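Q: Pasting data_14.csv below, which is CSV, N, CA and C atoms and all ligand atoms.
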```csv
chain,number,residue,atom,x,y,z
A,216,MET,N,-41.1,-26.2,-39.8
A,216,MET,CA,-41.9,-25.6,-38.8
A,216,MET,C,-42.2,-24.1,-39.2
A,217,ARG,N,-43.4,-23.7,-38.9
A,217,ARG,CA,-43.8,-22.3,-39.3
A,217,ARG,C,-43.1,-21.3,-38.4
A,218,GLY,N,-42.9,-20.1,-38.9
A,218,GLY,CA,-42.4,-19.0,-38.1
A,218,GLY,C,-40.9,-18.7,-38.2
A,219,PHE,N,-40.1,-19.6,-38.7
A,219,PHE,CA,-38.7,-19.4,-38.8
A,219,PHE,C,-38.4,-18.3,-39.7
A,220,ASN,N,-39.1,-18.2,-40.8
A,220,ASN,CA,-38.7,-17.2,-41.9
A,220,ASN,C,-38.8,-15.8,-41.4
A,221,MET,N,-39.7,-15.5,-40.5
A,221,MET,CA,-39.8,-14.2,-40.0
A,221,MET,C,-38.7,-13.7,-39.1
A,222,LEU,N,-37.8,-14.7,-38.7
A,222,LEU,CA,-36.7,-14.3,-37.8
A,222,LEU,C,-35.5,-13.8,-38.5
A,223,GLY,N,-35.4,-13.9,-39.8
A,223,GLY,CA,-34.2,-13.5,-40.5
A,223,GLY,C,-33.1,-14.5,-40.3
A,224,THR,N,-31.9,-14.1,-40.4
A,224,THR,CA,-30.7,-15.0,-40.3
A,224,THR,C,-30.0,-14.9,-39.0
A,225,GLN,N,-30.3,-13.9,-38.1
A,225,GLN,CA,-29.6,-13.7,-36.9
A,225,GLN,C,-30.6,-13.5,-35.7
A,226,VAL,N,-30.3,-14.1,-34.6
A,226,VAL,CA,-31.2,-14.0,-33.4
A,226,VAL,C,-30.3,-13.7,-32.2
A,227,ASN,N,-30.6,-12.7,-31.5
A,227,ASN,CA,-30.0,-12.5,-30.2
A,227,ASN,C,-30.9,-13.1,-29.1
A,228,LEU,N,-30.4,-14.1,-28.4
A,228,LEU,CA,-31.2,-14.8,-27.4
A,228,LEU,C,-30.8,-14.5,-26.0
A,229,TYR,N,-31.6,-13.8,-25.3
A,229,TYR,CA,-31.3,-13.4,-23.9
A,229,TYR,C,-32.0,-14.4,-23.0
A,230,TYR,N,-31.1,-15.0,-22.1
A,230,TYR,CA,-31.6,-16.0,-21.2
A,230,TYR,C,-31.1,-15.9,-19.8
A,231,TYR,N,-31.9,-16.5,-18.9
A,231,TYR,CA,-31.4,-16.8,-17.5
A,231,TYR,C,-31.7,-18.2,-17.2
A,232,SER,N,-30.7,-18.9,-16.6
A,232,SER,CA,-30.9,-20.2,-16.2
A,232,SER,C,-30.2,-20.5,-14.9
A,233,GLY,N,-30.9,-20.8,-13.9
A,233,GLY,CA,-30.4,-21.0,-12.5
A,233,GLY,C,-29.7,-22.3,-12.4
A,234,THR,N,-30.5,-23.4,-12.7
A,234,THR,CA,-30.0,-24.7,-12.5
A,234,THR,C,-29.6,-25.4,-13.8
A,235,GLY,N,-29.8,-24.8,-14.9
A,235,GLY,CA,-29.4,-25.3,-16.2
A,235,GLY,C,-30.4,-25.8,-17.1
A,236,ASN,N,-31.7,-25.9,-16.6
A,236,ASN,CA,-32.7,-26.5,-17.5
A,236,ASN,C,-33.0,-25.6,-18.7
A,237,THR,N,-33.1,-24.3,-18.5
A,237,THR,CA,-33.4,-23.4,-19.6
A,237,THR,C,-32.2,-23.3,-20.5
A,238,LEU,N,-31.0,-23.4,-20.0
A,238,LEU,CA,-29.9,-23.4,-20.9
A,238,LEU,C,-29.9,-24.7,-21.8
A,239,LEU,N,-30.3,-25.8,-21.2
A,239,LEU,CA,-30.4,-27.0,-22.0
A,239,LEU,C,-31.4,-26.8,-23.2
A,240,VAL,N,-32.5,-26.2,-22.9
A,240,VAL,CA,-33.5,-26.0,-23.9
A,240,VAL,C,-32.9,-25.0,-25.0
A,241,VAL,N,-32.3,-24.0,-24.5
A,241,VAL,CA,-31.7,-23.0,-25.4
A,241,VAL,C,-30.7,-23.7,-26.3
A,242,LYS,N,-29.8,-24.5,-25.8
A,242,LYS,CA,-28.8,-25.2,-26.6
A,242,LYS,C,-29.5,-26.1,-27.7
A,243,GLU,N,-30.6,-26.8,-27.3
A,243,GLU,CA,-31.3,-27.6,-28.3
A,243,GLU,C,-31.9,-26.7,-29.4
A,244,MET,N,-32.4,-25.5,-29.0
A,244,MET,CA,-33.0,-24.6,-29.9
A,244,MET,C,-31.9,-24.1,-30.9
A,245,ILE,N,-30.7,-23.8,-30.4
A,245,ILE,CA,-29.6,-23.3,-31.2
A,245,ILE,C,-29.3,-24.4,-32.3
A,246,LYS,N,-29.4,-25.6,-32.0
A,246,LYS,CA,-29.2,-26.7,-33.0
A,246,LYS,C,-30.2,-26.6,-34.1
A,247,ILE,N,-31.5,-26.4,-33.7
A,247,ILE,CA,-32.6,-26.3,-34.6
A,247,ILE,C,-32.5,-25.1,-35.5
A,248,PHE,N,-32.1,-24.0,-34.9
A,248,PHE,CA,-31.9,-22.7,-35.6
A,248,PHE,C,-30.8,-22.9,-36.6
A,249,SER,N,-29.7,-23.4,-36.1
A,249,SER,CA,-28.5,-23.6,-37.0
A,249,SER,C,-28.8,-24.4,-38.2
A,250,ALA,N,-29.6,-25.5,-38.0
A,250,ALA,CA,-30.0,-26.3,-39.1
A,250,ALA,C,-30.8,-25.6,-40.2
A,251,ARG,N,-31.4,-24.5,-39.8
A,251,ARG,CA,-32.1,-23.6,-40.7
A,251,ARG,C,-31.4,-22.4,-41.1
A,252,GLY,N,-30.1,-22.3,-40.8
A,252,GLY,CA,-29.3,-21.2,-41.3
A,252,GLY,C,-29.4,-20.0,-40.4
A,253,ILE,N,-30.0,-20.1,-39.2
A,253,ILE,CA,-30.1,-18.9,-38.4
A,253,ILE,C,-29.1,-19.0,-37.3
A,254,GLN,N,-28.3,-17.9,-37.2
A,254,GLN,CA,-27.2,-17.8,-36.3
A,254,GLN,C,-27.7,-17.2,-34.9
A,255,VAL,N,-27.5,-17.9,-33.8
A,255,VAL,CA,-27.9,-17.4,-32.5
A,255,VAL,C,-26.8,-16.9,-31.7
A,256,THR,N,-26.9,-15.7,-31.2
A,256,THR,CA,-25.9,-15.2,-30.2
A,256,THR,C,-26.6,-15.2,-28.8
A,257,LEU,N,-25.9,-15.8,-27.9
A,257,LEU,CA,-26.5,-15.9,-26.5
A,257,LEU,C,-26.0,-14.7,-25.6
A,258,HIS,N,-26.9,-14.2,-24.8
A,258,HIS,CA,-26.6,-13.2,-23.8
A,258,HIS,C,-27.3,-13.6,-22.5
A,259,LYS,N,-26.6,-13.4,-21.4
A,259,LYS,CA,-27.2,-13.7,-20.1
A,259,LYS,C,-28.0,-12.4,-19.7
A,260,ILE,N,-29.2,-12.7,-19.3
A,260,ILE,CA,-30.1,-11.5,-19.0
A,260,ILE,C,-29.5,-10.7,-17.8
A,261,GLU,N,-28.9,-11.5,-16.9
A,261,GLU,CA,-28.3,-10.8,-15.7
A,261,GLU,C,-27.2,-9.9,-16.0
A,262,TYR,N,-26.5,-10.0,-17.2
A,262,TYR,CA,-25.4,-9.2,-17.5
A,262,TYR,C,-25.8,-8.2,-18.7
A,263,THR,N,-27.0,-8.1,-19.0
A,263,THR,CA,-27.4,-7.3,-20.2
A,263,THR,C,-28.2,-6.1,-19.8
A,264,ASP,N,-27.8,-5.0,-20.4
A,264,ASP,CA,-28.6,-3.8,-20.2
A,264,ASP,C,-29.7,-3.8,-21.3
A,265,PRO,N,-31.0,-4.0,-20.9
A,265,PRO,CA,-32.1,-4.1,-21.9
A,265,PRO,C,-32.2,-2.9,-22.8
A,266,LYS,N,-31.8,-1.7,-22.3
A,266,LYS,CA,-31.9,-0.5,-23.1
A,266,LYS,C,-31.0,-0.5,-24.3
A,267,LYS,N,-29.9,-1.4,-24.2
A,267,LYS,CA,-28.9,-1.4,-25.2
A,267,LYS,C,-29.0,-2.5,-26.2
A,268,ILE,N,-30.0,-3.3,-26.1
A,268,ILE,CA,-30.1,-4.5,-27.0
A,268,ILE,C,-30.4,-4.1,-28.5
A,269,ASP,N,-30.0,-4.9,-29.4
A,269,ASP,CA,-30.1,-4.7,-30.8
A,269,ASP,C,-31.5,-5.0,-31.2
A,270,THR,N,-32.3,-4.0,-31.6
A,270,THR,CA,-33.7,-4.2,-32.0
A,270,THR,C,-33.8,-4.4,-33.5
A,271,GLU,N,-32.7,-4.4,-34.2
A,271,GLU,CA,-32.7,-4.7,-35.7
A,271,GLU,C,-32.8,-6.1,-36.0
A,272,LYS,N,-32.4,-7.0,-35.0
A,272,LYS,CA,-32.4,-8.4,-35.2
A,272,LYS,C,-33.5,-9.0,-34.3
A,273,ALA,N,-33.9,-10.3,-34.6
A,273,ALA,CA,-34.9,-11.0,-33.9
A,273,ALA,C,-34.4,-11.2,-32.4
A,274,ILE,N,-35.3,-11.2,-31.5
A,274,ILE,CA,-35.0,-11.3,-30.1
A,274,ILE,C,-35.7,-12.6,-29.5
A,275,GLY,N,-34.9,-13.4,-28.9
A,275,GLY,CA,-35.4,-14.5,-28.1
A,275,GLY,C,-35.2,-14.3,-26.6
A,276,LEU,N,-36.2,-14.7,-25.9
A,276,LEU,CA,-36.2,-14.6,-24.4
A,276,LEU,C,-36.4,-15.9,-23.8
A,277,ALA,N,-35.5,-16.3,-22.9
A,277,ALA,CA,-35.7,-17.7,-22.3
A,277,ALA,C,-35.4,-17.6,-20.8
A,278,PHE,N,-36.3,-18.1,-20.0
A,278,PHE,CA,-36.1,-18.0,-18.5
A,278,PHE,C,-37.0,-19.0,-17.8
A,279,PRO,N,-36.8,-19.3,-16.6
A,279,PRO,CA,-37.7,-20.2,-15.9
A,279,PRO,C,-38.8,-19.6,-15.2
A,280,VAL,N,-39.9,-20.3,-15.0
A,280,VAL,CA,-41.0,-19.9,-14.2
A,280,VAL,C,-40.5,-20.0,-12.7
A,281,ALA,N,-40.9,-19.0,-11.9
A,281,ALA,CA,-40.6,-19.0,-10.5
A,281,ALA,C,-41.7,-18.4,-9.8
A,282,PHE,N,-42.2,-19.0,-8.7
A,282,PHE,CA,-43.3,-18.5,-7.9
A,282,PHE,C,-44.5,-18.2,-8.8
A,283,GLN,N,-44.8,-19.2,-9.7
A,283,GLN,CA,-45.9,-19.1,-10.6
A,283,GLN,C,-45.8,-17.8,-11.5
A,284,SER,N,-44.7,-17.3,-11.6
A,284,SER,CA,-44.4,-16.1,-12.4
A,284,SER,C,-43.0,-16.2,-12.9
A,285,THR,N,-42.2,-15.2,-12.8
A,285,THR,CA,-40.7,-15.4,-12.9
A,285,THR,C,-40.0,-14.5,-11.9
A,286,PHE,N,-38.7,-14.5,-12.0
A,286,PHE,CA,-37.9,-13.7,-11.0
A,286,PHE,C,-38.1,-12.2,-11.3
A,287,PRO,N,-38.1,-11.4,-10.2
A,287,PRO,CA,-38.2,-9.9,-10.4
A,287,PRO,C,-37.2,-9.3,-11.3
A,288,PHE,N,-36.0,-9.8,-11.3
A,288,PHE,CA,-35.0,-9.2,-12.2
A,288,PHE,C,-35.3,-9.5,-13.6
A,289,VAL,N,-35.9,-10.7,-13.9
A,289,VAL,CA,-36.3,-11.0,-15.3
A,289,VAL,C,-37.5,-10.1,-15.7
A,290,TRP,N,-38.4,-9.9,-14.8
A,290,TRP,CA,-39.5,-8.9,-15.1
A,290,TRP,C,-38.9,-7.5,-15.4
A,291,ASN,N,-38.0,-7.1,-14.5
A,291,ASN,CA,-37.4,-5.8,-14.8
A,291,ASN,C,-36.8,-5.7,-16.1
A,292,PHE,N,-36.1,-6.8,-16.6
A,292,PHE,CA,-35.5,-6.8,-17.9
A,292,PHE,C,-36.6,-6.7,-19.0
A,293,LEU,N,-37.6,-7.4,-18.8
A,293,LEU,CA,-38.7,-7.4,-19.8
A,293,LEU,C,-39.3,-6.0,-19.9
A,294,LYS,N,-39.6,-5.5,-18.7
A,294,LYS,CA,-40.3,-4.2,-18.7
A,294,LYS,C,-39.4,-3.0,-19.3
A,295,ALA,N,-38.1,-3.2,-19.2
A,295,ALA,CA,-37.2,-2.2,-19.6
A,295,ALA,C,-36.8,-2.3,-21.1
A,296,LEU,N,-37.3,-3.3,-21.8
A,296,LEU,CA,-37.0,-3.5,-23.2
A,296,LEU,C,-37.5,-2.3,-24.0
A,297,PRO,N,-36.8,-1.8,-25.0
A,297,PRO,CA,-37.2,-0.7,-25.8
A,297,PRO,C,-38.4,-1.0,-26.6
A,298,GLN,N,-39.2,0.0,-26.9
A,298,GLN,CA,-40.4,-0.1,-27.8
A,298,GLN,C,-39.8,-0.1,-29.2
A,299,THR,N,-40.3,-1.0,-30.0
A,299,THR,CA,-39.9,-1.0,-31.4
A,299,THR,C,-41.1,-1.4,-32.3
A,300,GLU,N,-40.9,-1.2,-33.6
A,300,GLU,CA,-41.9,-1.6,-34.5
A,300,GLU,C,-41.4,-2.8,-35.3
A,301,GLY,N,-42.0,-3.9,-35.2
A,301,GLY,CA,-41.7,-5.0,-36.1
A,301,GLY,C,-40.6,-5.9,-35.8
A,302,THR,N,-40.0,-5.8,-34.6
A,302,THR,CA,-38.9,-6.7,-34.2
A,302,THR,C,-39.5,-8.0,-33.9
A,303,PRO,N,-39.1,-9.1,-34.5
A,303,PRO,CA,-39.6,-10.4,-34.2
A,303,PRO,C,-39.2,-10.8,-32.8
A,304,VAL,N,-40.1,-11.3,-32.0
A,304,VAL,CA,-39.7,-11.7,-30.6
A,304,VAL,C,-40.4,-13.1,-30.3
A,305,PHE,N,-39.6,-13.9,-29.7
A,305,PHE,CA,-40.2,-15.2,-29.2
A,305,PHE,C,-39.7,-15.4,-27.8
A,306,MET,N,-40.5,-16.2,-27.0
A,306,MET,CA,-40.2,-16.4,-25.6
A,306,MET,C,-40.3,-17.9,-25.3
A,307,ILE,N,-39.4,-18.4,-24.4
A,307,ILE,CA,-39.4,-19.7,-24.0
A,307,ILE,C,-39.4,-19.7,-22.4
A,308,ASP,N,-40.3,-20.5,-21.8
A,308,ASP,CA,-40.3,-20.6,-20.4
A,308,ASP,C,-40.1,-22.1,-20.0
A,309,THR,N,-39.2,-22.3,-19.1
A,309,THR,CA,-39.2,-23.7,-18.6
A,309,THR,C,-39.8,-23.7,-17.2
A,310,MET,N,-40.4,-24.8,-16.8
A,310,MET,CA,-41.0,-24.9,-15.5
A,310,MET,C,-41.2,-26.3,-15.0
A,311,MET,N,-41.5,-26.5,-13.7
A,311,MET,CA,-41.6,-27.8,-13.2
A,311,MET,C,-43.1,-28.3,-13.4
A,312,ALA,N,-44.1,-27.4,-13.1
A,312,ALA,CA,-45.4,-27.9,-13.1
A,312,ALA,C,-46.4,-26.9,-13.6
A,313,PHE,N,-46.4,-25.7,-13.1
A,313,PHE,CA,-47.5,-24.8,-13.5
A,313,PHE,C,-47.0,-23.3,-13.2
A,314,MET,N,-47.8,-22.5,-13.9
A,314,MET,CA,-47.5,-21.0,-13.8
A,314,MET,C,-48.8,-20.3,-13.9
A,315,ARG,N,-48.8,-19.1,-13.5
A,315,ARG,CA,-50.0,-18.3,-13.4
A,315,ARG,C,-50.0,-17.0,-14.2
A,316,SER,N,-48.9,-16.3,-14.2
A,316,SER,CA,-49.0,-14.9,-14.6
A,316,SER,C,-48.1,-14.5,-15.8
A,317,MET,N,-47.6,-15.5,-16.6
A,317,MET,CA,-46.8,-15.1,-17.7
A,317,MET,C,-47.6,-14.5,-18.8
A,318,HIS,N,-48.9,-14.7,-18.8
A,318,HIS,CA,-49.7,-14.1,-19.8
A,318,HIS,C,-49.6,-12.5,-19.9
A,319,ALA,N,-49.0,-12.0,-18.8
A,319,ALA,CA,-48.8,-10.5,-18.8
A,319,ALA,C,-47.6,-10.1,-19.6
A,320,VAL,N,-46.8,-11.0,-20.0
A,320,VAL,CA,-45.5,-10.7,-20.6
A,320,VAL,C,-45.7,-9.9,-21.9
A,321,PRO,N,-46.6,-10.3,-22.9
A,321,PRO,CA,-46.6,-9.7,-24.2
A,321,PRO,C,-46.7,-8.1,-24.1
A,322,GLN,N,-47.3,-7.6,-23.2
A,322,GLN,CA,-47.5,-6.1,-23.1
A,322,GLN,C,-46.2,-5.4,-22.9
A,323,PHE,N,-45.1,-6.2,-22.5
A,323,PHE,CA,-43.8,-5.5,-22.2
A,323,PHE,C,-42.9,-5.8,-23.4
A,324,LEU,N,-43.3,-6.6,-24.4
A,324,LEU,CA,-42.3,-7.0,-25.4
A,324,LEU,C,-42.2,-5.9,-26.5
A,325,PRO,N,-41.1,-5.8,-27.2
A,325,PRO,CA,-40.9,-4.7,-28.1
A,325,PRO,C,-41.8,-4.5,-29.2
A,326,SER,N,-42.4,-5.6,-29.7
A,326,SER,CA,-43.3,-5.4,-30.9
A,326,SER,C,-44.5,-6.3,-30.8
B,1,LIG,C1,-37.2,-20.4,-6.6
B,1,LIG,C2,-37.9,-21.3,-7.6
B,1,LIG,C3,-39.3,-21.2,-7.8
B,1,LIG,C4,-39.9,-22.0,-8.8
B,1,LIG,N1,-41.3,-21.8,-9.0
B,1,LIG,C5,-41.9,-22.6,-9.9
B,1,LIG,C6,-43.3,-22.5,-10.1
B,1,LIG,O1,-44.0,-21.6,-9.5
B,1,LIG,N2,-43.9,-23.3,-11.0
B,1,LIG,C7,-43.2,-24.3,-11.7
B,1,LIG,O2,-43.8,-25.0,-12.5
B,1,LIG,N3,-41.9,-24.4,-11.5
B,1,LIG,C8,-41.2,-23.6,-10.6
B,1,LIG,N4,-39.9,-23.8,-10.4
B,1,LIG,C9,-39.2,-24.8,-11.2
B,1,LIG,C10,-38.4,-24.1,-12.3
B,1,LIG,O3,-39.2,-23.3,-13.2
B,1,LIG,C11,-37.8,-25.2,-13.3
B,1,LIG,O4,-37.1,-26.1,-12.5
B,1,LIG,C12,-37.0,-24.6,-14.4
B,1,LIG,O5,-36.8,-25.5,-15.4
B,1,LIG,C13,-35.7,-24.1,-13.8
B,1,LIG,O6,-34.9,-23.6,-14.9
B,1,LIG,P1,-33.4,-23.3,-14.8
B,1,LIG,O7,-32.7,-24.7,-14.5
B,1,LIG,O8,-33.0,-22.8,-16.1
B,1,LIG,O9,-33.1,-22.4,-13.6
B,1,LIG,C14,-39.2,-23.0,-9.5
B,1,LIG,C15,-37.8,-23.1,-9.3
B,1,LIG,C16,-37.2,-22.3,-8.4
B,1,LIG,C17,-35.7,-22.4,-8.1
```
What does the file become when written as structure tokens?
Ligand SMILES: Cc1cc2nc3c(=O)[nH]c(=O)nc-3n(C[C@H](O)[C@H](O)[C@H](O)COP(=O)(O)O)c2cc1C
A:
Amino acid sequence: MRGFNMLGTQVNLYYYSGTGNTLLVVKEMIKIFSARGIQVTLHKIEYTDPKKIDTEKAIGLAFPVAFQSTFPFVWNFLKALPQTEGTPVFMIDTMMAFMRSMHAVPQFLPS
């Protein structure tokens, strides 16, 4: 799969999962990353200070769609991420059917 090389060997993955679907996806992704020699460290968004995250390593973000967007505390986390140059970032959204406003996310991401 394309894109794995740019992540380096370590990823910090920040996630929120209310009912477990996002965590399920995250666990499957960890298997895929591990098979490619990439070590993933999980962090719960609700317990993480976005100002203190490690921007030297690749960042993964995973959370559910809610109200055709996502939860306000997830938005707050995204908006508070530090600005960096060149930190690889990827995002995973889980949802039931549809969403409307996640296209706004990239402007808040570190790089
Ligand atoms: C309060 C709430 C609002 C939701 N709003 C949407 C929505 O607008 N669109 C959608 O497709 N799914 C919506 N869902 C479904 C979740 O995005 C979906 O079940 C997701 O996989 C849940 O992830 P989790 O189990 O990690 O919490 C909503 C779920 C909840 C609890």
Q: Could you give me, as a tab-separated table (two decimals) with N, CA and C atoms, keeping the file's coordinate frame, the residues within 12 Å of Ala312 in chain A, counting only C-alpha atoms and dropping anything in the same chain fewer than 5 positions from it?
A:
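Ended up saving to selection.tsv:
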```
chain	number	residue	atom	x	y	z
A	279	PRO	N	-36.80	-19.30	-16.60
A	279	PRO	CA	-37.70	-20.20	-15.90
A	279	PRO	C	-38.80	-19.60	-15.20
A	280	VAL	N	-39.90	-20.30	-15.00
A	280	VAL	CA	-41.00	-19.90	-14.20
A	280	VAL	C	-40.50	-20.00	-12.70
A	281	ALA	N	-40.90	-19.00	-11.90
A	281	ALA	CA	-40.60	-19.00	-10.50
A	281	ALA	C	-41.70	-18.40	-9.80
A	282	PHE	N	-42.20	-19.00	-8.70
A	282	PHE	CA	-43.30	-18.50	-7.90
A	282	PHE	C	-44.50	-18.20	-8.80
A	283	GLN	N	-44.80	-19.20	-9.70
A	283	GLN	CA	-45.90	-19.10	-10.60
A	283	GLN	C	-45.80	-17.80	-11.50
A	284	SER	N	-44.70	-17.30	-11.60
A	284	SER	CA	-44.40	-16.10	-12.40
A	284	SER	C	-43.00	-16.20	-12.90
```
Q: Between A:Gln225, A:Thr302, A:Asn220, A:Thr234, which is the closest to ligand LIG 1 (chain B) once you count all atoms listed in the file?
A: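 Distance minimum relative to ligand LIG 1 (chain B) lands on A:Thr234.
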Q: List all protein, DNA and RNA residues that have an atom no more than 8 Å from any atom of ligand LIG 1 (chain B), counting all atoms listed in the file, and report them as a list of chain:residue names.
A: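 Using all atoms listed in the file, everything at most 8 Å from ligand LIG 1 (chain B) comes to A:Tyr231, A:Ser232, A:Gly233, A:Thr234, A:Gly235, A:Asn236, A:Thr237, A:Leu238, A:Leu239, A:Val240, A:Ala277, A:Phe278, A:Pro279, A:Val280, A:Ala281, A:Phe282, A:Gln283, A:Ser284, A:Thr285, A:Phe286, A:Asp308, A:Thr309, A:Met310, A:Met311, A:Ala312, A:Phe313, A:Met314, A:Arg315.
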Q: Tell me which protein, DNA and RNA residues are within 6.5 Å of Val304 in chain A, counting all atoms listed in the file, leaving out same-chain ones fewer than 2 positions away, and put them as an NGL selection string.
A: :A and (273-276 or 302 or 306)
Q: When DSSP works through the backbone of this structure, what residues of chain A end up as alpha helix (DSSP H), shown as a list in words?
A: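 Those residues are Asn236, Thr237, Leu238, Leu239, Val240, Val241, Lys242, Glu243, Met244, Ile245, Lys246, Ile247, Phe248, Ser249, Ala250, Pro287, Phe288, Val289, Trp290, Asn291, Phe292, Leu293, Lys294 and Ala295 of chain A.
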Q: Suppose you want the space between CA of Leu222 in chain A and CA of Glu300 in chain A; what is it in Å?
A: 14.1 Å
Q: Ranking A:Pro265, A:Gly223, A:Gly252, A:Gly218 by minimum distance to Ala295 in chain A and counting all atoms listed in the file, which one comes first?
A: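 Counting all atoms listed in the file, the residue closest to Ala295 in chain A is A:Pro265.
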Q: Please give the complete set of residues from chain A that DSSP, run on the backbone, assigns to strand (DSSP E), formatted as a list in words.
A: Gln225, Val226, Asn227, Leu228, Tyr229, Tyr230, Gln254, Val255, Thr256, Leu257, His258, Lys259, Ala273, Ile274, Gly275, Leu276, Ala277, Phe278, Pro279, Val304, Phe305, Met306, Ile307, Asp308 and Thr309 of chain A
Q: Leaving out range 266-268 of chain A and any residue of its chain fewer than 4 positions from it, which residues lie within 12 Å of it when counting only C-alpha atoms, given as an NGL selection string?
A: :A and (226-229 or 256-260 or 262 or 272-275 or 291-299 or 302 or 325)
Q: Please, could you write that set of residues out with N, CA and C atoms as a compact mmCIF listing (two decimals), in the frame of the given file?
A:
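File written: result_29.txt
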```txt
# COMPACT_ATOMS: atom_id res chain seq x y z
N VAL A 226 -30.30 -14.10 -34.60
CA VAL A 226 -31.20 -14.00 -33.40
C VAL A 226 -30.30 -13.70 -32.20
N ASN A 227 -30.60 -12.70 -31.50
CA ASN A 227 -30.00 -12.50 -30.20
C ASN A 227 -30.90 -13.10 -29.10
N LEU A 228 -30.40 -14.10 -28.40
CA LEU A 228 -31.20 -14.80 -27.40
C LEU A 228 -30.80 -14.50 -26.00
N TYR A 229 -31.60 -13.80 -25.30
CA TYR A 229 -31.30 -13.40 -23.90
C TYR A 229 -32.00 -14.40 -23.00
N THR A 256 -26.90 -15.70 -31.20
CA THR A 256 -25.90 -15.20 -30.20
C THR A 256 -26.60 -15.20 -28.80
N LEU A 257 -25.90 -15.80 -27.90
CA LEU A 257 -26.50 -15.90 -26.50
C LEU A 257 -26.00 -14.70 -25.60
N HIS A 258 -26.90 -14.20 -24.80
CA HIS A 258 -26.60 -13.20 -23.80
C HIS A 258 -27.30 -13.60 -22.50
N LYS A 259 -26.60 -13.40 -21.40
CA LYS A 259 -27.20 -13.70 -20.10
C LYS A 259 -28.00 -12.40 -19.70
N ILE A 260 -29.20 -12.70 -19.30
CA ILE A 260 -30.10 -11.50 -19.00
C ILE A 260 -29.50 -10.70 -17.80
N TYR A 262 -26.50 -10.00 -17.20
CA TYR A 262 -25.40 -9.20 -17.50
C TYR A 262 -25.80 -8.20 -18.70
N LYS A 272 -32.40 -7.00 -35.00
CA LYS A 272 -32.40 -8.40 -35.20
C LYS A 272 -33.50 -9.00 -34.30
N ALA A 273 -33.90 -10.30 -34.60
CA ALA A 273 -34.90 -11.00 -33.90
C ALA A 273 -34.40 -11.20 -32.40
N ILE A 274 -35.30 -11.20 -31.50
CA ILE A 274 -35.00 -11.30 -30.10
C ILE A 274 -35.70 -12.60 -29.50
N GLY A 275 -34.90 -13.40 -28.90
CA GLY A 275 -35.40 -14.50 -28.10
C GLY A 275 -35.20 -14.30 -26.60
N ASN A 291 -38.00 -7.10 -14.50
CA ASN A 291 -37.40 -5.80 -14.80
C ASN A 291 -36.80 -5.70 -16.10
N PHE A 292 -36.10 -6.80 -16.60
CA PHE A 292 -35.50 -6.80 -17.90
C PHE A 292 -36.60 -6.70 -19.00
N LEU A 293 -37.60 -7.40 -18.80
CA LEU A 293 -38.70 -7.40 -19.80
C LEU A 293 -39.30 -6.00 -19.90
N LYS A 294 -39.60 -5.50 -18.70
CA LYS A 294 -40.30 -4.20 -18.70
C LYS A 294 -39.40 -3.00 -19.30
N ALA A 295 -38.10 -3.20 -19.20
CA ALA A 295 -37.20 -2.20 -19.60
C ALA A 295 -36.80 -2.30 -21.10
N LEU A 296 -37.30 -3.30 -21.80
CA LEU A 296 -37.00 -3.50 -23.20
C LEU A 296 -37.50 -2.30 -24.00
N PRO A 297 -36.80 -1.80 -25.00
CA PRO A 297 -37.20 -0.70 -25.80
C PRO A 297 -38.40 -1.00 -26.60
N GLN A 298 -39.20 0.00 -26.90
CA GLN A 298 -40.40 -0.10 -27.80
C GLN A 298 -39.80 -0.10 -29.20
N THR A 299 -40.30 -1.00 -30.00
CA THR A 299 -39.90 -1.00 -31.40
C THR A 299 -41.10 -1.40 -32.30
N THR A 302 -40.00 -5.80 -34.60
CA THR A 302 -38.90 -6.70 -34.20
C THR A 302 -39.50 -8.00 -33.90
N PRO A 325 -41.10 -5.80 -27.20
CA PRO A 325 -40.90 -4.70 -28.10
C PRO A 325 -41.80 -4.50 -29.20
```
Q: Give me, please, the distance in Å between atom N of Ala250 in chain A and atom C of Thr224 in chain A, quoted to one decimal.
A: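 The value is 10.7 Å.
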Q: Quote the spacing between atom C of Ile307 in chain A and atom C of Tyr230 in chain A in Å to one decimal place.
A: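 Atom-to-atom, atom C of Ile307 in chain A and atom C of Tyr230 in chain A are spaced 9.5 Å apart.
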